[in-house]
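Content type mmCIF, C-alpha atoms, pLDDT in the B column; chains and numbers go by the auth columns, from the file my_file_5.cif:
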data_coords
#
loop_
_atom_site.group_PDB
_atom_site.id
_atom_site.type_symbol
_atom_site.label_atom_id
_atom_site.label_comp_id
_atom_site.label_asym_id
_atom_site.label_seq_id
_atom_site.Cartn_x
_atom_site.Cartn_y
_atom_site.Cartn_z
_atom_site.B_iso_or_equiv
_atom_site.auth_seq_id
_atom_site.auth_asym_id
ATOM 1 C CA MET A 1 47.277 43.980 -81.610 49.00 53 A
ATOM 2 C CA LYS A 2 43.580 44.481 -80.938 63.00 54 A
ATOM 3 C CA ASP A 3 41.770 43.869 -84.175 73.00 55 A
ATOM 4 C CA ASN A 4 38.291 42.847 -83.033 76.00 56 A
ATOM 5 C CA THR A 5 37.309 45.490 -80.502 76.00 57 A
ATOM 6 C CA VAL A 6 34.798 48.287 -80.793 78.00 58 A
ATOM 7 C CA THR A 7 35.324 51.737 -79.337 78.00 59 A
ATOM 8 C CA THR A 8 32.740 53.106 -76.924 77.00 60 A
ATOM 9 C CA GLU A 9 31.650 56.756 -76.725 80.00 61 A
ATOM 10 C CA ASN A 10 34.241 57.240 -73.958 83.00 62 A
ATOM 11 C CA GLY A 11 37.016 56.025 -76.282 80.00 63 A
ATOM 12 C CA ILE A 12 37.436 52.700 -74.512 81.00 64 A
ATOM 13 C CA GLU A 13 38.068 49.608 -76.624 81.00 65 A
ATOM 14 C CA VAL A 14 35.857 46.687 -75.626 81.00 66 A
ATOM 15 C CA TYR A 15 35.047 43.235 -76.979 77.00 67 A
ATOM 16 C CA THR A 16 31.483 42.535 -77.958 82.00 68 A
ATOM 17 C CA SER A 17 31.906 38.783 -77.507 87.00 69 A
ATOM 18 C CA GLN A 18 34.196 36.189 -76.011 93.00 70 A
ATOM 19 C CA ILE A 19 34.900 34.912 -79.532 94.00 71 A
ATOM 20 C CA THR A 20 36.351 38.197 -80.767 93.00 72 A
ATOM 21 C CA GLU A 21 38.575 38.370 -77.695 94.00 73 A
ATOM 22 C CA ILE A 22 39.819 34.826 -78.348 95.00 74 A
ATOM 23 C CA ALA A 23 40.430 35.723 -82.005 94.00 75 A
ATOM 24 C CA ASP A 24 42.621 38.653 -80.985 93.00 76 A
ATOM 25 C CA ARG A 25 44.658 36.445 -78.636 94.00 77 A
ATOM 26 C CA TYR A 26 45.268 34.054 -81.514 95.00 78 A
ATOM 27 C CA ILE A 27 46.192 36.824 -83.955 93.00 79 A
ATOM 28 C CA ALA A 28 48.581 38.424 -81.447 91.00 80 A
ATOM 29 C CA ASP A 29 50.628 35.200 -81.436 92.00 81 A
ATOM 30 C CA LEU A 30 50.979 35.016 -85.217 92.00 82 A
ATOM 31 C CA GLU A 31 54.438 35.639 -86.573 91.00 83 A
ATOM 32 C CA ASP A 32 52.973 36.889 -89.841 93.00 84 A
ATOM 33 C CA ILE A 33 49.833 38.890 -89.089 89.00 85 A
ATOM 34 C CA ASP A 34 48.780 38.896 -92.760 91.00 86 A
ATOM 35 C CA SER A 35 48.656 35.088 -92.769 92.00 87 A
ATOM 36 C CA ILE A 36 45.241 35.356 -91.085 91.00 88 A
ATOM 37 C CA TYR A 37 43.910 36.083 -94.588 93.00 89 A
ATOM 38 C CA THR A 38 44.744 32.551 -95.720 94.00 90 A
ATOM 39 C CA TYR A 39 42.198 29.772 -95.371 92.00 91 A
ATOM 40 C CA GLU A 40 44.616 27.452 -93.538 95.00 92 A
ATOM 41 C CA VAL A 41 45.384 29.972 -90.796 96.00 93 A
ATOM 42 C CA PHE A 42 41.730 31.040 -90.575 96.00 94 A
ATOM 43 C CA THR A 43 40.771 27.375 -90.074 96.00 95 A
ATOM 44 C CA ASP A 44 43.321 27.137 -87.277 97.00 96 A
ATOM 45 C CA LEU A 45 41.767 30.272 -85.744 97.00 97 A
ATOM 46 C CA LEU A 46 38.334 28.587 -85.757 97.00 98 A
ATOM 47 C CA LEU A 47 39.782 25.530 -84.014 97.00 99 A
ATOM 48 C CA TYR A 48 41.484 27.799 -81.470 97.00 100 A
ATOM 49 C CA ILE A 49 38.170 29.535 -80.818 97.00 101 A
ATOM 50 C CA SER A 50 36.460 26.155 -80.411 96.00 102 A
ATOM 51 C CA ASP A 51 39.100 25.037 -77.907 96.00 103 A
ATOM 52 C CA ASN A 52 38.943 28.238 -75.856 96.00 104 A
ATOM 53 C CA MET A 53 35.350 29.429 -75.870 94.00 105 A
ATOM 54 C CA THR A 54 32.943 28.521 -73.100 92.00 106 A
ATOM 55 C CA PRO A 55 31.516 25.193 -74.256 89.00 107 A
ATOM 56 C CA LEU A 56 27.862 25.107 -75.201 87.00 108 A
ATOM 57 C CA ASN A 57 26.055 22.783 -72.806 80.00 109 A
ATOM 58 C CA ASN A 58 23.322 22.075 -75.313 80.00 110 A
ATOM 59 C CA TYR A 59 22.040 23.326 -78.608 87.00 111 A
ATOM 60 C CA ASP A 60 18.454 24.026 -77.540 90.00 112 A
ATOM 61 C CA ASP A 61 18.717 27.819 -77.694 92.00 113 A
ATOM 62 C CA ILE A 62 18.741 28.627 -81.402 95.00 114 A
ATOM 63 C CA THR A 63 18.986 32.358 -80.639 95.00 115 A
ATOM 64 C CA VAL A 64 22.397 31.817 -79.008 94.00 116 A
ATOM 65 C CA LEU A 65 23.513 29.738 -82.001 96.00 117 A
ATOM 66 C CA ASP A 66 22.262 32.403 -84.404 97.00 118 A
ATOM 67 C CA ASN A 67 24.251 35.041 -82.503 95.00 119 A
ATOM 68 C CA LEU A 68 27.342 32.833 -82.798 96.00 120 A
ATOM 69 C CA PHE A 69 26.725 32.503 -86.533 97.00 121 A
ATOM 70 C CA ASN A 70 26.535 36.309 -86.807 97.00 122 A
ATOM 71 C CA ILE A 71 29.945 36.575 -85.115 96.00 123 A
ATOM 72 C CA TYR A 72 31.305 33.839 -87.382 97.00 124 A
ATOM 73 C CA LYS A 73 30.116 35.517 -90.583 97.00 125 A
ATOM 74 C CA ARG A 74 31.697 38.816 -89.489 95.00 126 A
ATOM 75 C CA LEU A 75 35.012 37.047 -88.889 96.00 127 A
ATOM 76 C CA CYS A 76 34.722 35.492 -92.363 96.00 128 A
ATOM 77 C CA SER A 77 34.057 38.880 -93.907 95.00 129 A
ATOM 78 C CA LYS A 78 36.876 40.564 -92.010 94.00 130 A
ATOM 79 C CA TYR A 79 39.445 37.906 -92.894 94.00 131 A
ATOM 80 C CA ARG A 80 38.206 37.405 -96.486 94.00 132 A
ATOM 81 C CA VAL A 81 37.089 33.799 -96.162 95.00 133 A
ATOM 82 C CA LEU A 82 33.816 32.493 -97.580 95.00 134 A
ATOM 83 C CA PRO A 83 31.543 31.170 -94.821 97.00 135 A
ATOM 84 C CA THR A 84 30.466 27.535 -94.791 96.00 136 A
ATOM 85 C CA LEU A 85 28.286 25.564 -92.418 96.00 137 A
ATOM 86 C CA TYR A 86 31.118 23.060 -92.102 96.00 138 A
ATOM 87 C CA ASP A 87 33.512 25.708 -90.745 97.00 139 A
ATOM 88 C CA PHE A 88 30.820 27.194 -88.504 97.00 140 A
ATOM 89 C CA SER A 89 30.102 23.764 -87.024 96.00 141 A
ATOM 90 C CA MET A 90 33.847 23.354 -86.413 96.00 142 A
ATOM 91 C CA MET A 91 33.938 26.669 -84.529 97.00 143 A
ATOM 92 C CA ILE A 92 31.014 25.797 -82.241 96.00 144 A
ATOM 93 C CA ASN A 93 32.129 22.155 -81.935 94.00 145 A
ATOM 94 C CA ILE A 94 29.033 20.480 -83.342 94.00 146 A
ATOM 95 C CA ASP A 95 28.832 17.683 -85.894 94.00 147 A
ATOM 96 C CA PRO A 96 28.003 19.189 -89.326 93.00 148 A
ATOM 97 C CA SER A 97 25.409 16.463 -89.900 95.00 149 A
ATOM 98 C CA THR A 98 23.453 17.828 -86.925 94.00 150 A
ATOM 99 C CA ILE A 99 22.844 21.101 -88.778 95.00 151 A
ATOM 100 C CA THR A 100 21.865 19.116 -91.870 95.00 152 A
ATOM 101 C CA ARG A 101 19.330 17.156 -89.804 95.00 153 A
ATOM 102 C CA TRP A 102 17.873 20.427 -88.516 95.00 154 A
ATOM 103 C CA MET A 103 17.482 21.701 -92.082 95.00 155 A
ATOM 104 C CA ASN A 104 15.807 18.457 -93.143 94.00 156 A
ATOM 105 C CA GLY A 105 13.407 18.645 -90.202 92.00 157 A
ATOM 106 C CA GLU A 106 14.640 15.335 -88.787 92.00 158 A
ATOM 107 C CA THR A 107 15.199 16.699 -85.264 83.00 159 A
ATOM 108 C CA ARG A 108 14.312 19.641 -83.020 82.00 160 A
ATOM 109 C CA GLY A 109 10.640 19.819 -83.970 84.00 161 A
ATOM 110 C CA GLY A 110 10.542 19.169 -87.690 88.00 162 A
ATOM 111 C CA LEU A 111 10.341 21.459 -90.704 92.00 163 A
ATOM 112 C CA THR A 112 8.449 24.214 -88.876 93.00 164 A
ATOM 113 C CA SER A 113 10.922 24.472 -85.993 94.00 165 A
ATOM 114 C CA GLU A 114 13.113 27.498 -85.376 95.00 166 A
ATOM 115 C CA HIS A 115 16.169 25.254 -85.655 96.00 167 A
ATOM 116 C CA CYS A 116 15.117 24.247 -89.174 96.00 168 A
ATOM 117 C CA LYS A 117 14.323 27.804 -90.278 96.00 169 A
ATOM 118 C CA THR A 118 17.523 29.215 -88.802 97.00 170 A
ATOM 119 C CA ALA A 119 19.786 26.506 -90.245 96.00 171 A
ATOM 120 C CA LYS A 120 18.232 27.088 -93.682 96.00 172 A
ATOM 121 C CA LYS A 121 18.874 30.819 -93.248 97.00 173 A
ATOM 122 C CA TRP A 122 22.548 30.071 -92.476 97.00 174 A
ATOM 123 C CA LYS A 123 22.852 27.892 -95.559 96.00 175 A
ATOM 124 C CA GLN A 124 21.192 30.559 -97.704 96.00 176 A
ATOM 125 C CA TYR A 125 23.642 33.144 -96.386 96.00 177 A
ATOM 126 C CA CYS A 126 26.633 30.909 -97.202 96.00 178 A
ATOM 127 C CA ALA A 127 25.266 30.241 -100.695 94.00 179 A
ATOM 128 C CA GLY A 128 24.629 33.939 -101.229 94.00 180 A
ATOM 129 C CA ARG A 129 28.173 34.891 -100.252 94.00 181 A
ATOM 130 C CA LEU A 130 29.558 32.294 -102.669 93.00 182 A
ATOM 131 C CA ALA A 131 27.307 33.511 -105.487 91.00 183 A
ATOM 132 C CA SER A 132 28.291 37.112 -104.771 90.00 184 A
ATOM 133 C CA ASN A 133 31.966 36.166 -104.754 89.00 185 A
ATOM 134 C CA LEU A 134 31.623 34.379 -108.090 88.00 186 A
ATOM 135 C CA SER A 135 29.731 37.219 -109.715 86.00 187 A
ATOM 136 C CA ASN A 136 32.241 39.824 -108.506 85.00 188 A
ATOM 137 C CA SER A 137 35.371 37.861 -109.447 81.00 189 A
ATOM 138 C CA LYS A 138 37.419 38.963 -112.434 82.00 190 A
ATOM 139 C CA GLY A 139 38.146 35.403 -113.530 75.00 191 A
ATOM 140 C CA THR A 140 36.502 32.016 -113.383 76.00 192 A
ATOM 141 C CA ASP A 141 37.068 29.750 -110.397 79.00 193 A
ATOM 142 C CA ALA A 142 36.099 26.188 -111.322 81.00 194 A
ATOM 143 C CA ASN A 143 36.367 25.010 -107.701 82.00 195 A
ATOM 144 C CA LYS A 144 33.859 27.580 -106.497 83.00 196 A
ATOM 145 C CA ILE A 145 31.528 26.796 -109.391 84.00 197 A
ATOM 146 C CA PHE A 146 31.677 23.097 -108.484 77.00 198 A
ATOM 147 C CA ILE A 147 30.934 23.881 -104.832 85.00 199 A
ATOM 148 C CA ALA A 148 28.044 26.152 -105.831 82.00 200 A
ATOM 149 C CA LYS A 149 26.499 23.268 -107.767 85.00 201 A
ATOM 150 C CA ALA A 150 27.294 20.431 -105.367 79.00 202 A
ATOM 151 C CA ALA A 151 26.741 22.083 -101.986 80.00 203 A
ATOM 152 C CA TYR A 152 24.065 24.642 -102.789 84.00 204 A
ATOM 153 C CA GLY A 153 22.251 23.200 -105.812 81.00 205 A
ATOM 154 C CA MET A 154 23.016 26.184 -108.016 83.00 206 A
ATOM 155 C CA ALA A 155 22.842 25.710 -111.767 82.00 207 A
ATOM 156 C CA GLU A 156 24.219 27.515 -114.762 74.00 208 A
ATOM 157 C CA THR A 157 21.663 29.035 -117.094 69.00 209 A
ATOM 158 C CA LYS A 158 22.024 29.684 -120.794 58.00 210 A
ATOM 159 C CA ALA A 159 21.779 33.218 -121.987 50.00 211 A
ATOM 160 C CA VAL A 160 18.526 33.686 -123.836 50.00 212 A
ATOM 161 C CA GLU A 161 19.041 34.694 -127.417 51.00 213 A
ATOM 162 C CA GLN A 162 17.072 37.771 -128.282 48.00 214 A
ATOM 163 C CA LYS A 163 14.597 37.376 -131.107 48.00 215 A
ATOM 164 C CA GLN A 164 15.476 39.561 -134.068 49.00 216 A
ATOM 165 C CA ILE A 165 11.903 40.193 -135.060 46.00 217 A
ATOM 166 C CA THR A 166 9.264 40.864 -132.462 51.00 218 A
ATOM 167 C CA GLY A 167 6.181 38.782 -132.631 50.00 219 A
ATOM 168 C CA ALA A 168 7.952 35.700 -131.241 55.00 220 A
ATOM 169 C CA THR A 169 6.138 32.488 -132.130 64.00 221 A
ATOM 170 C CA LYS A 170 3.182 32.274 -134.526 64.00 222 A
ATOM 171 C CA THR A 171 1.090 29.303 -135.556 68.00 223 A
ATOM 172 C CA LEU A 172 0.532 28.343 -139.194 64.00 224 A
ATOM 173 C CA LYS A 173 -3.075 29.508 -138.924 69.00 225 A
ATOM 174 C CA GLN A 174 -1.961 32.956 -137.746 71.00 226 A
ATOM 175 C CA ILE A 175 0.572 33.255 -140.571 68.00 227 A
ATOM 176 C CA ALA A 176 -1.982 32.091 -143.152 67.00 228 A
ATOM 177 C CA LYS A 177 -4.506 34.622 -141.895 72.00 229 A
ATOM 178 C CA GLU A 178 -1.935 37.447 -141.990 70.00 230 A
ATOM 179 C CA ILE A 179 -0.907 36.700 -145.560 70.00 231 A
ATOM 180 C CA GLY A 180 -4.461 36.029 -146.692 68.00 232 A
ATOM 181 C CA ALA A 181 -3.872 32.400 -147.622 65.00 233 A
ATOM 182 C CA ASP A 182 -6.865 30.088 -147.806 65.00 234 A
ATOM 183 C CA GLU A 183 -4.938 26.848 -147.458 62.00 235 A
ATOM 184 C CA LEU A 184 -2.220 25.690 -145.122 57.00 236 A
ATOM 185 C CA PRO A 185 0.693 23.719 -146.530 57.00 237 A
ATOM 186 C CA ASP A 186 0.596 19.961 -146.063 57.00 238 A
ATOM 187 C CA PHE A 187 3.409 18.843 -143.756 52.00 239 A
ATOM 188 C CA GLY A 188 2.353 15.197 -143.706 52.00 240 A
ATOM 189 C CA ASP A 189 4.101 13.370 -140.857 50.00 241 A
ATOM 190 C CA ARG A 190 5.759 16.604 -139.676 45.00 242 A
ATOM 191 C CA GLU A 191 2.611 18.122 -138.178 46.00 243 A
ATOM 192 C CA ASP A 192 4.221 18.484 -134.757 47.00 244 A
ATOM 193 C CA ASP A 193 7.184 20.339 -136.219 46.00 245 A
ATOM 194 C CA ALA A 194 4.917 22.676 -138.180 44.00 246 A
ATOM 195 C CA ASP A 195 2.737 23.861 -135.338 46.00 247 A
ATOM 196 C CA ALA A 196 4.793 26.970 -134.779 43.00 248 A
ATOM 197 C CA PHE A 197 7.548 28.963 -136.372 40.00 249 A
ATOM 198 C CA ASP A 198 10.030 31.191 -134.553 42.00 250 A
ATOM 199 C CA PHE A 199 10.735 34.622 -135.946 38.00 251 A
#

Target format structure tokens, applied to this file:
Amino acid sequence: MKDNTVTTENGIEVYTSQITEIADRYIADLEDIDSIYTYEVFTDLLLYISDNMTPLNNYDDITVLDNLFNIYKRLCSKYRVLPTLYDFSMMINIDPSTITRWMNGETRGGLTSEHCKTAKKWKQYCAGRLASNLSNSKGTDANKIFIAKAAYGMAETKAVEQKQITGATKTLKQIAKEIGADELPDFGDREDDADAFDF
């Protein structure tokens, strides 16, 4: 089964990368083809890719790494798995803390380096896919919500209650002027509480 090829104008199926060819070799050996849509089997696929792809000699060329990330995110989309930097680092056989150091500007030229910018872009993509998944889910997934908060710093926000009467907040002076009052009520020690009323 060739699942990761593209068809040329001449009708010939070709692979656009070594990784997609390796993925098809792995999938062809599966007893249950549909199991590729489970996270456990997809993780095994990433390890298989890591074991069989041409090893990266170094990580200096961020353009090559970005191209690998683009292949990785397409595999995630195709096999219905949310992308993570941890899984990407497993596929390219790099320590996940290395990518974190790039994002923090600790190596490869600091916060203005291409490594830093690109790693932050990868993280933003992973966070965006998780947020999109959560917002398009029919139910609530507490695990994904926890990950969104812990890994990506996302926070829940309260729905803002709509004011029933427009005009929002008015000070006592404004109210007194509107009603033609000469004096303001004496709130004694509650001056801070009386500065504004919500309508």

* Explicit residues for the PyMOL selection byres ((chain A and resi 127-140) around 10) (as JSON, numbers by chain) -> {"A": [55, 56, 71, 72, 75, 86, 87, 88, 89, 90, 91, 94, 95, 98, 99, 102, 120, 121, 122, 123, 124, 125, 126, 141, 142, 143, 144, 145, 146, 147, 148, 149, 151, 152, 171, 174, 175, 177, 178, 179, 180, 181, 182, 185, 203]}

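What separates atom CA of A:Ile199 from atom CA of A:Leu186 is a distance of 11.0 Å.
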
* Atom-to-atom span, atom CA of A:Ile74 and atom CA of A:Asn104, Å -> 7.1 Å

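The spacing separating atom CA of A:Ala200 from atom CA of A:Arg153 amounts to 20.3 Å.
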
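Selection result for the displayed file, with the PyMOL selection byres ((chain A and resi 112) around 12) as criterion, is Leu108, Asn109, Asn110, Tyr111, Asp113, Ile114, Thr115, Val116, Leu117, Asp118, Trp154, Thr159, Arg160, Gly161, Ser165, Glu166 and His167 of chain A.
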
* Compare A:Cys168, A:Val66, A:Lys229, A:Leu97 by their minimum atom-to-atom distance to A:Asp81, counting all atoms listed in the file, and give me the closest one. => A:Leu97

Expected axis-aligned box over every listed atom of stretch 102-111 of chain A, 8 Å added per side, centre plus edges in Å to one decimal, as AutoDock Vina command-line options:
--center_x 30.6 --center_y 25.8 --center_z -76.6 --size_x 33.1 --size_y 23.4 --size_z 23.6

Starting from the incomplete input, reconstruct all heavy atoms of stretch 59-70 of chain A and write that as a tab-separated table (two decimals), in the coordinates of the input.
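File result13.tsv, as written:
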chain	number	residue	atom	x	y	z
A	59	THR	N	35.02	50.61	-80.22
A	59	THR	CA	35.32	51.74	-79.34
A	59	THR	C	34.03	52.36	-78.83
A	59	THR	O	33.13	52.68	-79.62
A	59	THR	CB	36.15	52.79	-80.09
A	59	THR	OG1	37.32	52.15	-80.64
A	59	THR	CG2	36.58	53.92	-79.16
A	60	THR	N	33.93	52.52	-77.52
A	60	THR	CA	32.74	53.11	-76.92
A	60	THR	C	32.78	54.63	-77.09
A	60	THR	O	33.77	55.19	-77.56
A	60	THR	CB	32.65	52.77	-75.42
A	60	THR	OG1	33.76	53.40	-74.75
A	60	THR	CG2	32.67	51.27	-75.19
A	61	GLU	N	31.71	55.29	-76.65
A	61	GLU	CA	31.65	56.76	-76.72
A	61	GLU	C	32.75	57.40	-75.90
A	61	GLU	O	33.21	58.50	-76.20
A	61	GLU	CB	30.28	57.24	-76.24
A	61	GLU	CG	29.14	56.89	-77.17
A	61	GLU	CD	27.79	57.35	-76.64
A	61	GLU	OE1	27.76	58.08	-75.63
A	61	GLU	OE2	26.78	56.97	-77.23
A	62	ASN	N	33.19	56.72	-74.84
A	62	ASN	CA	34.24	57.24	-73.96
A	62	ASN	C	35.64	56.96	-74.50
A	62	ASN	O	36.63	57.26	-73.85
A	62	ASN	CB	34.12	56.63	-72.55
A	62	ASN	CG	32.78	56.94	-71.91
A	62	ASN	OD1	32.15	57.93	-72.24
A	62	ASN	ND2	32.35	56.08	-71.01
A	63	GLY	N	35.72	56.32	-75.69
A	63	GLY	CA	37.02	56.02	-76.28
A	63	GLY	C	37.66	54.76	-75.77
A	63	GLY	O	38.85	54.54	-75.99
A	64	ILE	N	36.90	53.94	-75.06
A	64	ILE	CA	37.44	52.70	-74.51
A	64	ILE	C	37.17	51.57	-75.50
A	64	ILE	O	36.07	51.42	-76.02
A	64	ILE	CB	36.78	52.38	-73.15
A	64	ILE	CG1	37.03	53.53	-72.17
A	64	ILE	CG2	37.30	51.06	-72.59
A	64	ILE	CD1	36.22	53.43	-70.89
A	65	GLU	N	38.22	50.76	-75.75
A	65	GLU	CA	38.07	49.61	-76.62
A	65	GLU	C	37.54	48.42	-75.82
A	65	GLU	O	38.10	48.08	-74.77
A	65	GLU	CB	39.40	49.24	-77.29
A	65	GLU	CG	39.85	50.25	-78.32
A	65	GLU	CD	41.12	49.80	-79.04
A	65	GLU	OE1	41.79	48.87	-78.56
A	65	GLU	OE2	41.42	50.39	-80.08
A	66	VAL	N	36.45	47.83	-76.31
A	66	VAL	CA	35.86	46.69	-75.63
A	66	VAL	C	35.56	45.58	-76.65
A	66	VAL	O	35.43	45.84	-77.85
A	66	VAL	CB	34.55	47.07	-74.89
A	66	VAL	CG1	34.82	48.06	-73.77
A	66	VAL	CG2	33.51	47.60	-75.85
A	67	TYR	N	35.45	44.36	-76.14
A	67	TYR	CA	35.05	43.24	-76.98
A	67	TYR	C	33.55	43.05	-76.85
A	67	TYR	O	32.99	43.17	-75.76
A	67	TYR	CB	35.78	41.96	-76.54
A	67	TYR	CG	37.25	41.98	-76.86
A	67	TYR	CD1	38.19	42.24	-75.87
A	67	TYR	CD2	37.70	41.74	-78.15
A	67	TYR	CE1	39.54	42.27	-76.16
A	67	TYR	CE2	39.04	41.77	-78.46
A	67	TYR	CZ	39.96	42.03	-77.46
A	67	TYR	OH	41.30	42.06	-77.76
A	68	THR	N	32.93	42.75	-77.98
A	68	THR	CA	31.48	42.54	-77.96
A	68	THR	C	31.14	41.07	-77.71
A	68	THR	O	29.98	40.75	-77.45
A	68	THR	CB	30.84	42.97	-79.29
A	68	THR	OG1	31.47	42.26	-80.36
A	68	THR	CG2	31.00	44.47	-79.50
A	69	SER	N	32.14	40.20	-77.79
A	69	SER	CA	31.91	38.78	-77.51
A	69	SER	C	33.20	38.11	-77.07
A	69	SER	O	34.30	38.60	-77.34
A	69	SER	CB	31.36	38.08	-78.76
A	69	SER	OG	32.39	37.91	-79.70
A	70	GLN	N	33.04	36.99	-76.41
A	70	GLN	CA	34.20	36.19	-76.01
A	70	GLN	C	34.97	35.72	-77.24
A	70	GLN	O	36.20	35.66	-77.23
A	70	GLN	CB	33.71	34.99	-75.19
A	70	GLN	CG	34.82	34.09	-74.72
A	70	GLN	CD	34.32	32.79	-74.11
A	70	GLN	OE1	33.34	32.21	-74.59
A	70	GLN	NE2	34.99	32.35	-73.05
